[in-house]
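Data block below; observations after.
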There are 2 protein chains.
Amino acid sequence: MNEIGFIGLGLLGFPMATNLLEAGHSLRVYNRTASKVDPLIARGAKLATSPADAITSGGIVASVVWDDAALESIVLSDGFLEKLGKGGVHISMSTVSPEAARRIAKMHEDRGCSYVEAPVFGRPEAAVARQLWIPVSGAKAAKDRVRTVLEAIGAKGIFDFGEAAGAAVAVKIAGNFLMFAATRSMIEAFAMAEKNGADAHALLHMLTTTLFPSPIYQNYGRRIADKLPAFESPIPEKDMGLFKKTAEQVGAPTQIVDRLLEILKT
Amino acid sequence: MNEIGFIGLGLLGFPMATNLLEAGHSLRVYNRTASKVDPLIARGAKLATSPADAITSGGIVASVVWDDAALESIVLSDGFLEKLGKGGVHISMSTVSPEAARRIAKMHEDRGCSYVEAPVFGRPEAAVARQLWIPVSGAKAAKDRVRTVLEAIGAKGIFDFGEAAGAAVAVKIAGNFLMFAATRSMIEAFAMAEKNGADAHALLHMLTTTLFPSPIYQNYGRRIADKLPAFESPIPEKDMGLFKKTAEQVGAPTQIVDRLLEILKT
């Protein structure tokens with residue numbers, strides 16, 4: 001198999017790159033903080049000294065970074081698009097704005113290469129366990145070409161959202177919004193019910209075996225019933241901000257997300 | 001079997017009473033609008049001319065009415081508690097406030113009879129299909145006694161929330177709040193994603209096979225994807241008001257429910 005480039009070895013990227021190595025792929029890996037790469041080098045990955053250096057011309061490069069600015073800085077870094085070149089495919093797995101996705105997809109198109117959005121639903125443990133759910137959008141031929149790579153990365157399910165740039169990241173942002181809205185709603189529901197004499201674990205059991213047999217309600221509901229913080233990461237704040245900005249750009253309603261952002265600020 | 005009293009033959013009460021008749025129970029039925037009773041009389045139920053007239057002393061009476069005031073007017077109607085008397089059990093299936101439940105439970109206790117809360121999750125179709133989920137609270141002996149009645153009424157699952165008055169209705173209000181919050185959140189999520197190029201039915205398919213394999217997300221999500229109104233009843237407004245009032249009484253947070261009530265008013 002040809003070498004695959006992998007850029008961004010954070011909490012999600014690291015286990016995803018490890019999965020690719022375990023599936024027998026050759027990797028060239030790049031991370032802004034080089035030390036994170038060491039365990040992968042020890043397992044046979046090659047060290048890239050820049051984003052462009054991770055790329056094989058006409059090949060496949062995957063990236064998982066924090067936000068629009070980080071992704072844009074990679075795509076605009078010296079030689080990245082030139083080296084990817086005609087026929088090359090960039091699998092972009094970051095949760096970025098649909099607006100940035102459209103702009104960045106166009107840059108790829110202008111160079112004859114393809115931009116496939118493949119943001120990831122799943123926590124780092126799910127990446128390790130190859131239980132990721134991945135919505136994808138982009139040119140059909142490019143999606144077909146990278147399907148086995150996404151499977152090797154850890155996809156339990158791949159969901160096709162057509163060719164439009166921005167569609168898959170919009171789905172990812174919508175999903176994160178629904179998760180956070182459900183969790184904040186549970187916090188409110190559990191507090192009211194408990195203070196009226198209902199046991200929180202009995203409530204969780206009922207909800208998750210009737211109306212809401214969903215891993216989101218199960219996992220976050222258990223934390224709420226156990227009196228643990230539901231979230232311990234900056235992701236909700238980032239993604240609710242992305243949702244609001246994106247909804248406003250397209251004239252979609254924002255009443256719930258506005259309230260979630262207010263709650264996050266308190 | 002002894003006669004069971006059944007009060008309130010609305011959209012839920014009617015199929016529930018029908019289920020009891022079909023299970024072989026003898027019924028004495030009362031409804032404020034007497035004509036609704038006719039089809040049940042034709043199937044062998046006896047007509048009660050007042051709430052108290054539906055009761056066998058020391059027996060079981062079930063009620064399903066709209067709100068606190070309707071339930072209170074039944075319990076305080078001439079002879080109701082006196083006739084129910086020592087050992088009698090009132091199965092209260094209405095969605096009332098926990099505060100009213102505690103007050104009304106006390107009235108029963110003072111007369112030596114039992115008040116079992118058994119509000120119902122499920123639409124009228126679910127009542128017909130005997131697919132109701134029923135949280136219960138109240139004295140253990142009374143709950144044990146009415147269990148087979150609840151099963152005959154159409155319970156697919158019965159969930160015990162202990163002995164405290166108010167607990168089961170708090171669970172019911174919490175569940176309705178979570179349903180409405182999830183549905184309003186889906187409206188916002190679907191609008192944003194669709195306007196960014198994601199197909200609503202593809203989004204629904206992904207969500208309900210991954211993060212949210214829940215009948216609530218499936219049923220209301222399908223209506224949203226089909227561009228149908230998610231709700232067509234006054235229940236959300238009533239129950240969000242109940243949730244807010246109850247949460248405020250116990251000092252629980254109300255940020256999400258406040259926003260849902262604002263949305264309902266627009």
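Within each chain, counting starts at residue 1; across the structure tokens, chains are named A, B, ... in the order shown, with ligands numbered 1 upward in that order.
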
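Within 10 Å of Thr33 of chain B, once only C-alpha atoms are used and residues closer than 6 positions along the same chain are dropped, the contacting residues are Gly8, Leu9 and Gly10 of chain B.
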
Hey, can you spit out that residue selection with all heavy atoms as a short mmCIF file (atom, residue, chain, number, x, y, z; two decimals), in the first residue's frame?
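And here's selection.cif as it stands now:
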data_model
loop_
_atom_site.label_atom_id
_atom_site.label_comp_id
_atom_site.auth_asym_id
_atom_site.auth_seq_id
_atom_site.Cartn_x
_atom_site.Cartn_y
_atom_site.Cartn_z
N GLY B 8 -62.61 9.43 33.62
CA GLY B 8 -61.87 10.19 32.61
C GLY B 8 -61.64 9.35 31.37
O GLY B 8 -60.75 8.52 31.33
N LEU B 9 -62.48 9.60 30.34
CA LEU B 9 -62.40 8.75 29.15
C LEU B 9 -62.00 9.58 27.94
O LEU B 9 -62.65 9.56 26.90
CB LEU B 9 -63.73 8.03 28.96
CG LEU B 9 -64.01 7.11 30.15
CD1 LEU B 9 -65.49 6.86 30.33
CD2 LEU B 9 -63.25 5.80 30.01
N GLY B 10 -60.89 10.28 28.11
CA GLY B 10 -60.37 11.10 27.00
C GLY B 10 -59.54 10.25 26.06
O GLY B 10 -59.71 9.04 25.97
#

I'd like the superposed chain A, fitted onto chain B by least squares over all Cα atoms in order, as a PDB file with C-alpha atoms, in the first residue's frame.
ATOM      1  CA  MET A   1     -62.969  -9.859  39.726  1.00  0.00           C
ATOM      2  CA  ASN A   2     -64.347  -6.878  41.618  1.00  0.00           C
ATOM      3  CA  GLU A   3     -65.555  -3.881  39.714  1.00  0.00           C
ATOM      4  CA  ILE A   4     -62.933  -1.264  38.981  1.00  0.00           C
ATOM      5  CA  GLY A   5     -63.908   2.386  38.761  1.00  0.00           C
ATOM      6  CA  PHE A   6     -62.585   4.361  35.796  1.00  0.00           C
ATOM      7  CA  ILE A   7     -62.863   8.134  35.641  1.00  0.00           C
ATOM      8  CA  GLY A   8     -61.872  10.189  32.605  1.00  0.00           C
ATOM      9  CA  LEU A   9     -62.380   8.722  29.138  1.00  0.00           C
ATOM     10  CA  GLY A  10     -60.353  11.093  26.999  1.00  0.00           C
ATOM     11  CA  LEU A  11     -57.807  10.216  24.334  1.00  0.00           C
ATOM     12  CA  LEU A  12     -55.786   8.086  26.756  1.00  0.00           C
ATOM     13  CA  GLY A  13     -58.482   7.021  29.216  1.00  0.00           C
ATOM     14  CA  PHE A  14     -60.779   5.549  26.594  1.00  0.00           C
ATOM     15  CA  PRO A  15     -58.340   2.970  25.171  1.00  0.00           C
ATOM     16  CA  MET A  16     -57.057   2.192  28.677  1.00  0.00           C
ATOM     17  CA  ALA A  17     -60.596   1.454  29.914  1.00  0.00           C
ATOM     18  CA  THR A  18     -61.203  -0.603  26.775  1.00  0.00           C
ATOM     19  CA  ASN A  19     -58.074  -2.649  27.547  1.00  0.00           C
ATOM     20  CA  LEU A  20     -59.398  -3.350  31.051  1.00  0.00           C
ATOM     21  CA  LEU A  21     -62.727  -4.577  29.653  1.00  0.00           C
ATOM     22  CA  GLU A  22     -60.896  -6.760  27.133  1.00  0.00           C
ATOM     23  CA  ALA A  23     -58.811  -8.228  29.955  1.00  0.00           C
ATOM     24  CA  GLY A  24     -62.054  -9.343  31.625  1.00  0.00           C
ATOM     25  CA  HIS A  25     -62.383  -6.672  34.308  1.00  0.00           C
ATOM     26  CA  SER A  26     -65.787  -5.303  35.272  1.00  0.00           C
ATOM     27  CA  LEU A  27     -65.840  -1.515  35.062  1.00  0.00           C
ATOM     28  CA  ARG A  28     -67.928   1.339  36.400  1.00  0.00           C
ATOM     29  CA  VAL A  29     -67.061   4.344  34.251  1.00  0.00           C
ATOM     30  CA  TYR A  30     -67.553   8.043  34.735  1.00  0.00           C
ATOM     31  CA  ASN A  31     -66.815  10.886  32.358  1.00  0.00           C
ATOM     32  CA  ARG A  32     -67.760  14.544  32.614  1.00  0.00           C
ATOM     33  CA  THR A  33     -69.072  14.338  29.049  1.00  0.00           C
ATOM     34  CA  ALA A  34     -71.367  11.332  29.364  1.00  0.00           C
ATOM     35  CA  SER A  35     -71.670  10.557  25.641  1.00  0.00           C
ATOM     36  CA  LYS A  36     -68.039   9.388  25.504  1.00  0.00           C
ATOM     37  CA  VAL A  37     -69.020   6.537  27.795  1.00  0.00           C
ATOM     38  CA  ASP A  38     -71.554   4.974  25.398  1.00  0.00           C
ATOM     39  CA  PRO A  39     -69.172   2.670  23.462  1.00  0.00           C
ATOM     40  CA  LEU A  40     -67.894   1.276  26.767  1.00  0.00           C
ATOM     41  CA  ILE A  41     -71.419   0.718  28.091  1.00  0.00           C
ATOM     42  CA  ALA A  42     -72.135  -1.142  24.863  1.00  0.00           C
ATOM     43  CA  ARG A  43     -69.216  -3.421  25.744  1.00  0.00           C
ATOM     44  CA  GLY A  44     -70.483  -4.146  29.242  1.00  0.00           C
ATOM     45  CA  ALA A  45     -69.175  -1.314  31.417  1.00  0.00           C
ATOM     46  CA  LYS A  46     -71.665   0.156  33.890  1.00  0.00           C
ATOM     47  CA  LEU A  47     -72.438   3.853  33.848  1.00  0.00           C
ATOM     48  CA  ALA A  48     -71.522   5.827  36.969  1.00  0.00           C
ATOM     49  CA  THR A  49     -73.422   9.070  37.512  1.00  0.00           C
ATOM     50  CA  SER A  50     -70.702  10.695  39.618  1.00  0.00           C
ATOM     51  CA  PRO A  51     -67.047  10.024  40.478  1.00  0.00           C
ATOM     52  CA  ALA A  52     -68.119   8.487  43.811  1.00  0.00           C
ATOM     53  CA  ASP A  53     -70.648   6.302  42.014  1.00  0.00           C
ATOM     54  CA  ALA A  54     -67.770   4.691  40.073  1.00  0.00           C
ATOM     55  CA  ILE A  55     -66.257   3.440  43.333  1.00  0.00           C
ATOM     56  CA  THR A  56     -66.648   0.135  45.151  1.00  0.00           C
ATOM     57  CA  SER A  57     -65.833   0.615  48.849  1.00  0.00           C
ATOM     58  CA  GLY A  58     -62.335  -0.590  49.592  1.00  0.00           C
ATOM     59  CA  GLY A  59     -61.844  -1.206  45.867  1.00  0.00           C
ATOM     60  CA  ILE A  60     -59.770   0.264  43.083  1.00  0.00           C
ATOM     61  CA  VAL A  61     -60.548   3.391  41.081  1.00  0.00           C
ATOM     62  CA  ALA A  62     -58.385   4.768  38.270  1.00  0.00           C
ATOM     63  CA  SER A  63     -58.515   8.341  36.993  1.00  0.00           C
ATOM     64  CA  VAL A  64     -57.012  10.060  33.942  1.00  0.00           C
ATOM     65  CA  VAL A  65     -57.819  13.759  33.730  1.00  0.00           C
ATOM     66  CA  TRP A  66     -56.236  16.912  32.341  1.00  0.00           C
ATOM     67  CA  ASP A  67     -54.705  18.782  35.276  1.00  0.00           C
ATOM     68  CA  ASP A  68     -54.438  19.520  39.002  1.00  0.00           C
ATOM     69  CA  ALA A  69     -57.807  21.279  39.132  1.00  0.00           C
ATOM     70  CA  ALA A  70     -59.664  18.464  37.353  1.00  0.00           C
ATOM     71  CA  LEU A  71     -58.117  15.829  39.609  1.00  0.00           C
ATOM     72  CA  GLU A  72     -58.745  17.821  42.758  1.00  0.00           C
ATOM     73  CA  SER A  73     -62.402  18.376  41.790  1.00  0.00           C
ATOM     74  CA  ILE A  74     -62.853  14.598  41.498  1.00  0.00           C
ATOM     75  CA  VAL A  75     -61.145  13.767  44.768  1.00  0.00           C
ATOM     76  CA  LEU A  76     -63.110  16.483  46.585  1.00  0.00           C
ATOM     77  CA  SER A  77     -66.423  15.585  44.898  1.00  0.00           C
ATOM     78  CA  ASP A  78     -69.271  14.383  47.089  1.00  0.00           C
ATOM     79  CA  GLY A  79     -68.533  11.070  48.726  1.00  0.00           C
ATOM     80  CA  PHE A  80     -65.426  10.178  46.702  1.00  0.00           C
ATOM     81  CA  LEU A  81     -62.924   9.653  49.520  1.00  0.00           C
ATOM     82  CA  GLU A  82     -65.576   8.480  51.971  1.00  0.00           C
ATOM     83  CA  LYS A  83     -66.728   5.747  49.616  1.00  0.00           C
ATOM     84  CA  LEU A  84     -63.213   4.699  48.599  1.00  0.00           C
ATOM     85  CA  GLY A  85     -62.601   4.328  52.315  1.00  0.00           C
ATOM     86  CA  LYS A  86     -60.253   2.107  54.256  1.00  0.00           C
ATOM     87  CA  GLY A  87     -58.152  -0.116  52.006  1.00  0.00           C
ATOM     88  CA  GLY A  88     -59.345   1.535  48.811  1.00  0.00           C
ATOM     89  CA  VAL A  89     -56.757   2.487  46.180  1.00  0.00           C
ATOM     90  CA  HIS A  90     -56.910   5.399  43.781  1.00  0.00           C
ATOM     91  CA  ILE A  91     -54.646   4.906  40.739  1.00  0.00           C
ATOM     92  CA  SER A  92     -53.999   8.459  39.594  1.00  0.00           C
ATOM     93  CA  MET A  93     -52.747   8.424  36.005  1.00  0.00           C
ATOM     94  CA  SER A  94     -52.960  12.140  35.230  1.00  0.00           C
ATOM     95  CA  THR A  95     -49.935  14.364  34.686  1.00  0.00           C
ATOM     96  CA  VAL A  96     -50.361  16.687  37.664  1.00  0.00           C
ATOM     97  CA  SER A  97     -47.881  18.718  39.691  1.00  0.00           C
ATOM     98  CA  PRO A  98     -45.874  16.912  42.384  1.00  0.00           C
ATOM     99  CA  GLU A  99     -47.187  19.551  44.787  1.00  0.00           C
ATOM    100  CA  ALA A 100     -50.813  18.637  44.006  1.00  0.00           C
ATOM    101  CA  ALA A 101     -49.906  14.941  44.197  1.00  0.00           C
ATOM    102  CA  ARG A 102     -48.547  15.384  47.713  1.00  0.00           C
ATOM    103  CA  ARG A 103     -51.604  17.340  48.827  1.00  0.00           C
ATOM    104  CA  ILE A 104     -54.021  14.838  47.283  1.00  0.00           C
ATOM    105  CA  ALA A 105     -52.086  11.820  48.583  1.00  0.00           C
ATOM    106  CA  LYS A 106     -52.429  13.261  52.086  1.00  0.00           C
ATOM    107  CA  MET A 107     -56.225  13.547  51.695  1.00  0.00           C
ATOM    108  CA  HIS A 108     -56.358   9.831  50.834  1.00  0.00           C
ATOM    109  CA  GLU A 109     -54.088   8.899  53.707  1.00  0.00           C
ATOM    110  CA  ASP A 110     -56.300  10.827  56.126  1.00  0.00           C
ATOM    111  CA  ARG A 111     -59.212   8.574  55.074  1.00  0.00           C
ATOM    112  CA  GLY A 112     -57.269   5.319  55.290  1.00  0.00           C
ATOM    113  CA  CYS A 113     -57.094   4.822  51.539  1.00  0.00           C
ATOM    114  CA  SER A 114     -54.091   4.856  49.198  1.00  0.00           C
ATOM    115  CA  TYR A 115     -53.080   7.131  46.361  1.00  0.00           C
ATOM    116  CA  VAL A 116     -50.868   5.468  43.762  1.00  0.00           C
ATOM    117  CA  GLU A 117     -49.366   7.744  41.132  1.00  0.00           C
ATOM    118  CA  ALA A 118     -49.140   6.039  37.783  1.00  0.00           C
ATOM    119  CA  PRO A 119     -48.824   8.672  35.049  1.00  0.00           C
ATOM    120  CA  VAL A 120     -48.455   7.338  31.572  1.00  0.00           C
ATOM    121  CA  PHE A 121     -45.813   7.718  28.861  1.00  0.00           C
ATOM    122  CA  GLY A 122     -47.315   6.965  25.499  1.00  0.00           C
ATOM    123  CA  ARG A 123     -49.604   8.421  22.906  1.00  0.00           C
ATOM    124  CA  PRO A 124     -53.186   7.169  22.473  1.00  0.00           C
ATOM    125  CA  GLU A 125     -51.994   4.695  19.800  1.00  0.00           C
ATOM    126  CA  ALA A 126     -49.572   3.262  22.365  1.00  0.00           C
ATOM    127  CA  ALA A 127     -52.452   2.854  24.821  1.00  0.00           C
ATOM    128  CA  VAL A 128     -54.420   0.926  22.185  1.00  0.00           C
ATOM    129  CA  ALA A 129     -51.356  -1.240  21.504  1.00  0.00           C
ATOM    130  CA  ARG A 130     -50.690  -1.786  25.245  1.00  0.00           C
ATOM    131  CA  GLN A 131     -47.254  -0.204  24.894  1.00  0.00           C
ATOM    132  CA  LEU A 132     -47.404   2.269  27.758  1.00  0.00           C
ATOM    133  CA  TRP A 133     -44.528   2.984  30.099  1.00  0.00           C
ATOM    134  CA  ILE A 134     -45.725   3.773  33.598  1.00  0.00           C
ATOM    135  CA  PRO A 135     -43.655   5.209  36.457  1.00  0.00           C
ATOM    136  CA  VAL A 136     -45.332   4.536  39.803  1.00  0.00           C
ATOM    137  CA  SER A 137     -44.977   5.832  43.345  1.00  0.00           C
ATOM    138  CA  GLY A 138     -46.983   5.282  46.500  1.00  0.00           C
ATOM    139  CA  ALA A 139     -47.374   2.817  49.361  1.00  0.00           C
ATOM    140  CA  LYS A 140     -45.834  -0.547  48.520  1.00  0.00           C
ATOM    141  CA  ALA A 141     -48.868  -2.680  49.399  1.00  0.00           C
ATOM    142  CA  ALA A 142     -51.125  -0.516  47.247  1.00  0.00           C
ATOM    143  CA  LYS A 143     -48.682  -0.631  44.315  1.00  0.00           C
ATOM    144  CA  ASP A 144     -48.471  -4.413  44.606  1.00  0.00           C
ATOM    145  CA  ARG A 145     -52.257  -4.679  44.614  1.00  0.00           C
ATOM    146  CA  VAL A 146     -52.736  -2.608  41.446  1.00  0.00           C
ATOM    147  CA  ARG A 147     -49.886  -4.042  39.415  1.00  0.00           C
ATOM    148  CA  THR A 148     -52.033  -6.472  37.432  1.00  0.00           C
ATOM    149  CA  VAL A 149     -54.550  -3.682  36.810  1.00  0.00           C
ATOM    150  CA  LEU A 150     -51.789  -1.494  35.353  1.00  0.00           C
ATOM    151  CA  GLU A 151     -50.673  -4.383  33.189  1.00  0.00           C
ATOM    152  CA  ALA A 152     -54.240  -4.883  31.953  1.00  0.00           C
ATOM    153  CA  ILE A 153     -54.561  -1.128  31.309  1.00  0.00           C
ATOM    154  CA  GLY A 154     -51.748  -1.401  28.776  1.00  0.00           C
ATOM    155  CA  ALA A 155     -48.419  -1.133  30.602  1.00  0.00           C
ATOM    156  CA  LYS A 156     -45.494  -2.480  28.622  1.00  0.00           C
ATOM    157  CA  GLY A 157     -43.231  -1.487  31.495  1.00  0.00           C
ATOM    158  CA  ILE A 158     -43.829  -0.374  35.093  1.00  0.00           C
ATOM    159  CA  PHE A 159     -41.044   1.559  36.842  1.00  0.00           C
ATOM    160  CA  ASP A 160     -41.054   1.882  40.621  1.00  0.00           C
ATOM    161  CA  PHE A 161     -40.076   5.257  42.103  1.00  0.00           C
ATOM    162  CA  GLY A 162     -40.617   4.400  45.743  1.00  0.00           C
ATOM    163  CA  GLU A 163     -43.208   5.555  48.228  1.00  0.00           C
ATOM    164  CA  ALA A 164     -42.894   9.350  48.120  1.00  0.00           C
ATOM    165  CA  ALA A 165     -45.914  11.197  46.768  1.00  0.00           C
ATOM    166  CA  GLY A 166     -44.916  13.397  43.850  1.00  0.00           C
ATOM    167  CA  ALA A 167     -42.058  11.189  42.663  1.00  0.00           C
ATOM    168  CA  ALA A 168     -43.796   9.462  39.742  1.00  0.00           C
ATOM    169  CA  VAL A 169     -45.421  12.628  38.416  1.00  0.00           C
ATOM    170  CA  ALA A 170     -42.067  14.416  38.700  1.00  0.00           C
ATOM    171  CA  VAL A 171     -40.612  11.638  36.526  1.00  0.00           C
ATOM    172  CA  LYS A 172     -43.449  12.043  34.035  1.00  0.00           C
ATOM    173  CA  ILE A 173     -42.938  15.809  33.843  1.00  0.00           C
ATOM    174  CA  ALA A 174     -39.170  15.343  33.530  1.00  0.00           C
ATOM    175  CA  GLY A 175     -39.700  12.864  30.678  1.00  0.00           C
ATOM    176  CA  ASN A 176     -42.059  15.184  28.820  1.00  0.00           C
ATOM    177  CA  PHE A 177     -39.590  18.023  29.259  1.00  0.00           C
ATOM    178  CA  LEU A 178     -36.787  15.866  27.818  1.00  0.00           C
ATOM    179  CA  MET A 179     -38.977  14.888  24.857  1.00  0.00           C
ATOM    180  CA  PHE A 180     -39.860  18.456  24.087  1.00  0.00           C
ATOM    181  CA  ALA A 181     -36.292  19.703  24.584  1.00  0.00           C
ATOM    182  CA  ALA A 182     -34.997  16.977  22.248  1.00  0.00           C
ATOM    183  CA  THR A 183     -37.607  17.810  19.617  1.00  0.00           C
ATOM    184  CA  ARG A 184     -37.010  21.560  19.690  1.00  0.00           C
ATOM    185  CA  SER A 185     -33.275  20.887  19.532  1.00  0.00           C
ATOM    186  CA  MET A 186     -33.798  18.676  16.473  1.00  0.00           C
ATOM    187  CA  ILE A 187     -35.765  21.445  14.767  1.00  0.00           C
ATOM    188  CA  GLU A 188     -32.759  23.737  15.226  1.00  0.00           C
ATOM    189  CA  ALA A 189     -30.195  21.086  14.264  1.00  0.00           C
ATOM    190  CA  PHE A 190     -32.041  19.954  11.146  1.00  0.00           C
ATOM    191  CA  ALA A 191     -32.591  23.514   9.913  1.00  0.00           C
ATOM    192  CA  MET A 192     -28.898  24.356  10.229  1.00  0.00           C
ATOM    193  CA  ALA A 193     -27.692  21.116   8.642  1.00  0.00           C
ATOM    194  CA  GLU A 194     -30.165  21.184   5.742  1.00  0.00           C
ATOM    195  CA  LYS A 195     -29.298  24.755   4.860  1.00  0.00           C
ATOM    196  CA  ASN A 196     -25.673  23.619   4.679  1.00  0.00           C
ATOM    197  CA  GLY A 197     -26.403  20.896   2.161  1.00  0.00           C
ATOM    198  CA  ALA A 198     -27.128  17.862   4.366  1.00  0.00           C
ATOM    199  CA  ASP A 199     -30.224  15.841   3.476  1.00  0.00           C
ATOM    200  CA  ALA A 200     -32.662  15.754   6.423  1.00  0.00           C
ATOM    201  CA  HIS A 201     -33.582  12.092   6.022  1.00  0.00           C
ATOM    202  CA  ALA A 202     -29.926  11.071   5.744  1.00  0.00           C
ATOM    203  CA  LEU A 203     -29.277  13.057   8.931  1.00  0.00           C
ATOM    204  CA  LEU A 204     -32.210  11.385  10.673  1.00  0.00           C
ATOM    205  CA  HIS A 205     -30.954   7.969   9.593  1.00  0.00           C
ATOM    206  CA  MET A 206     -27.473   8.657  10.922  1.00  0.00           C
ATOM    207  CA  LEU A 207     -28.627  10.128  14.242  1.00  0.00           C
ATOM    208  CA  THR A 208     -31.107   7.353  14.975  1.00  0.00           C
ATOM    209  CA  THR A 209     -28.681   4.555  14.180  1.00  0.00           C
ATOM    210  CA  THR A 210     -25.775   6.027  16.145  1.00  0.00           C
ATOM    211  CA  LEU A 211     -26.086   8.642  18.878  1.00  0.00           C
ATOM    212  CA  PHE A 212     -29.869   8.636  19.326  1.00  0.00           C
ATOM    213  CA  PRO A 213     -31.520   5.276  18.570  1.00  0.00           C
ATOM    214  CA  SER A 214     -34.532   6.449  20.535  1.00  0.00           C
ATOM    215  CA  PRO A 215     -38.240   6.369  19.618  1.00  0.00           C
ATOM    216  CA  ILE A 216     -38.461  10.073  20.481  1.00  0.00           C
ATOM    217  CA  TYR A 217     -35.729  11.025  18.014  1.00  0.00           C
ATOM    218  CA  GLN A 218     -37.121   8.589  15.448  1.00  0.00           C
ATOM    219  CA  ASN A 219     -40.752   9.681  15.622  1.00  0.00           C
ATOM    220  CA  TYR A 220     -40.400  13.426  16.073  1.00  0.00           C
ATOM    221  CA  GLY A 221     -37.300  13.527  13.868  1.00  0.00           C
ATOM    222  CA  ARG A 222     -39.260  11.930  11.021  1.00  0.00           C
ATOM    223  CA  ARG A 223     -41.932  14.602  11.336  1.00  0.00           C
ATOM    224  CA  ILE A 224     -39.273  17.314  11.256  1.00  0.00           C
ATOM    225  CA  ALA A 225     -37.513  15.751   8.248  1.00  0.00           C
ATOM    226  CA  ASP A 226     -40.899  15.461   6.513  1.00  0.00           C
ATOM    227  CA  LYS A 227     -41.582  19.169   7.241  1.00  0.00           C
ATOM    228  CA  LEU A 228     -44.610  18.360   9.399  1.00  0.00           C
ATOM    229  CA  PRO A 229     -45.332  20.164  12.676  1.00  0.00           C
ATOM    230  CA  ALA A 230     -43.508  18.266  15.431  1.00  0.00           C
ATOM    231  CA  PHE A 231     -46.338  18.718  17.949  1.00  0.00           C
ATOM    232  CA  GLU A 232     -50.007  19.368  17.446  1.00  0.00           C
ATOM    233  CA  SER A 233     -51.384  19.473  20.968  1.00  0.00           C
ATOM    234  CA  PRO A 234     -51.524  21.806  23.963  1.00  0.00           C
ATOM    235  CA  ILE A 235     -49.556  19.271  26.034  1.00  0.00           C
ATOM    236  CA  PRO A 236     -46.062  20.801  25.613  1.00  0.00           C
ATOM    237  CA  GLU A 237     -47.229  24.195  26.843  1.00  0.00           C
ATOM    238  CA  LYS A 238     -49.040  22.691  29.830  1.00  0.00           C
ATOM    239  CA  ASP A 239     -46.197  20.367  30.789  1.00  0.00           C
ATOM    240  CA  MET A 240     -43.364  22.879  30.309  1.00  0.00           C
ATOM    241  CA  GLY A 241     -45.328  25.182  32.606  1.00  0.00           C
ATOM    242  CA  LEU A 242     -45.630  22.379  35.157  1.00  0.00           C
ATOM    243  CA  PHE A 243     -41.909  21.648  34.885  1.00  0.00           C
ATOM    244  CA  LYS A 244     -40.928  25.279  35.420  1.00  0.00           C
ATOM    245  CA  LYS A 245     -43.254  25.779  38.393  1.00  0.00           C
ATOM    246  CA  THR A 246     -42.128  22.532  39.998  1.00  0.00           C
ATOM    247  CA  ALA A 247     -38.425  23.192  39.406  1.00  0.00           C
ATOM    248  CA  GLU A 248     -38.732  26.671  40.883  1.00  0.00           C
ATOM    249  CA  GLN A 249     -40.502  25.334  43.971  1.00  0.00           C
ATOM    250  CA  VAL A 250     -37.566  23.027  44.732  1.00  0.00           C
ATOM    251  CA  GLY A 251     -34.799  25.415  43.616  1.00  0.00           C
ATOM    252  CA  ALA A 252     -33.747  23.388  40.562  1.00  0.00           C
ATOM    253  CA  PRO A 253     -32.374  25.129  37.439  1.00  0.00           C
ATOM    254  CA  THR A 254     -34.796  26.247  34.726  1.00  0.00           C
ATOM    255  CA  GLN A 255     -32.658  27.723  31.944  1.00  0.00           C
ATOM    256  CA  ILE A 256     -33.674  25.256  29.239  1.00  0.00           C
ATOM    257  CA  VAL A 257     -37.337  25.076  30.210  1.00  0.00           C
ATOM    258  CA  ASP A 258     -37.490  28.874  30.337  1.00  0.00           C
ATOM    259  CA  ARG A 259     -36.260  29.008  26.758  1.00  0.00           C
ATOM    260  CA  LEU A 260     -38.702  26.282  25.662  1.00  0.00           C
ATOM    261  CA  LEU A 261     -41.573  28.285  27.150  1.00  0.00           C
ATOM    262  CA  GLU A 262     -40.357  31.396  25.323  1.00  0.00           C
ATOM    263  CA  ILE A 263     -40.277  29.416  22.071  1.00  0.00           C
ATOM    264  CA  LEU A 264     -43.815  28.117  22.684  1.00  0.00           C
ATOM    265  CA  LYS A 265     -45.031  31.693  23.090  1.00  0.00           C
ATOM    266  CA  THR A 266     -43.646  32.840  19.728  1.00  0.00           C
TER     267      THR A 266
END

Fill in: alpha helix (DSSP H) per DSSP on the backbone: members of segment 18-265 of chain B, as a ChimeraX atom specification
/B:18-22,38-42,68-75,80-84,98-110,124-128,140-153,167-194,200-209,215-225,235-250,255-265

Worksheet item: Hey, what does DSSP flag as strand (DSSP E or B) within segment 21-224 of chain B? Can you give it to me as a ChimeraX atom specification?
Response: /B:27-30,46-47,60-63,89-92,114-117,121,132-137,155-160
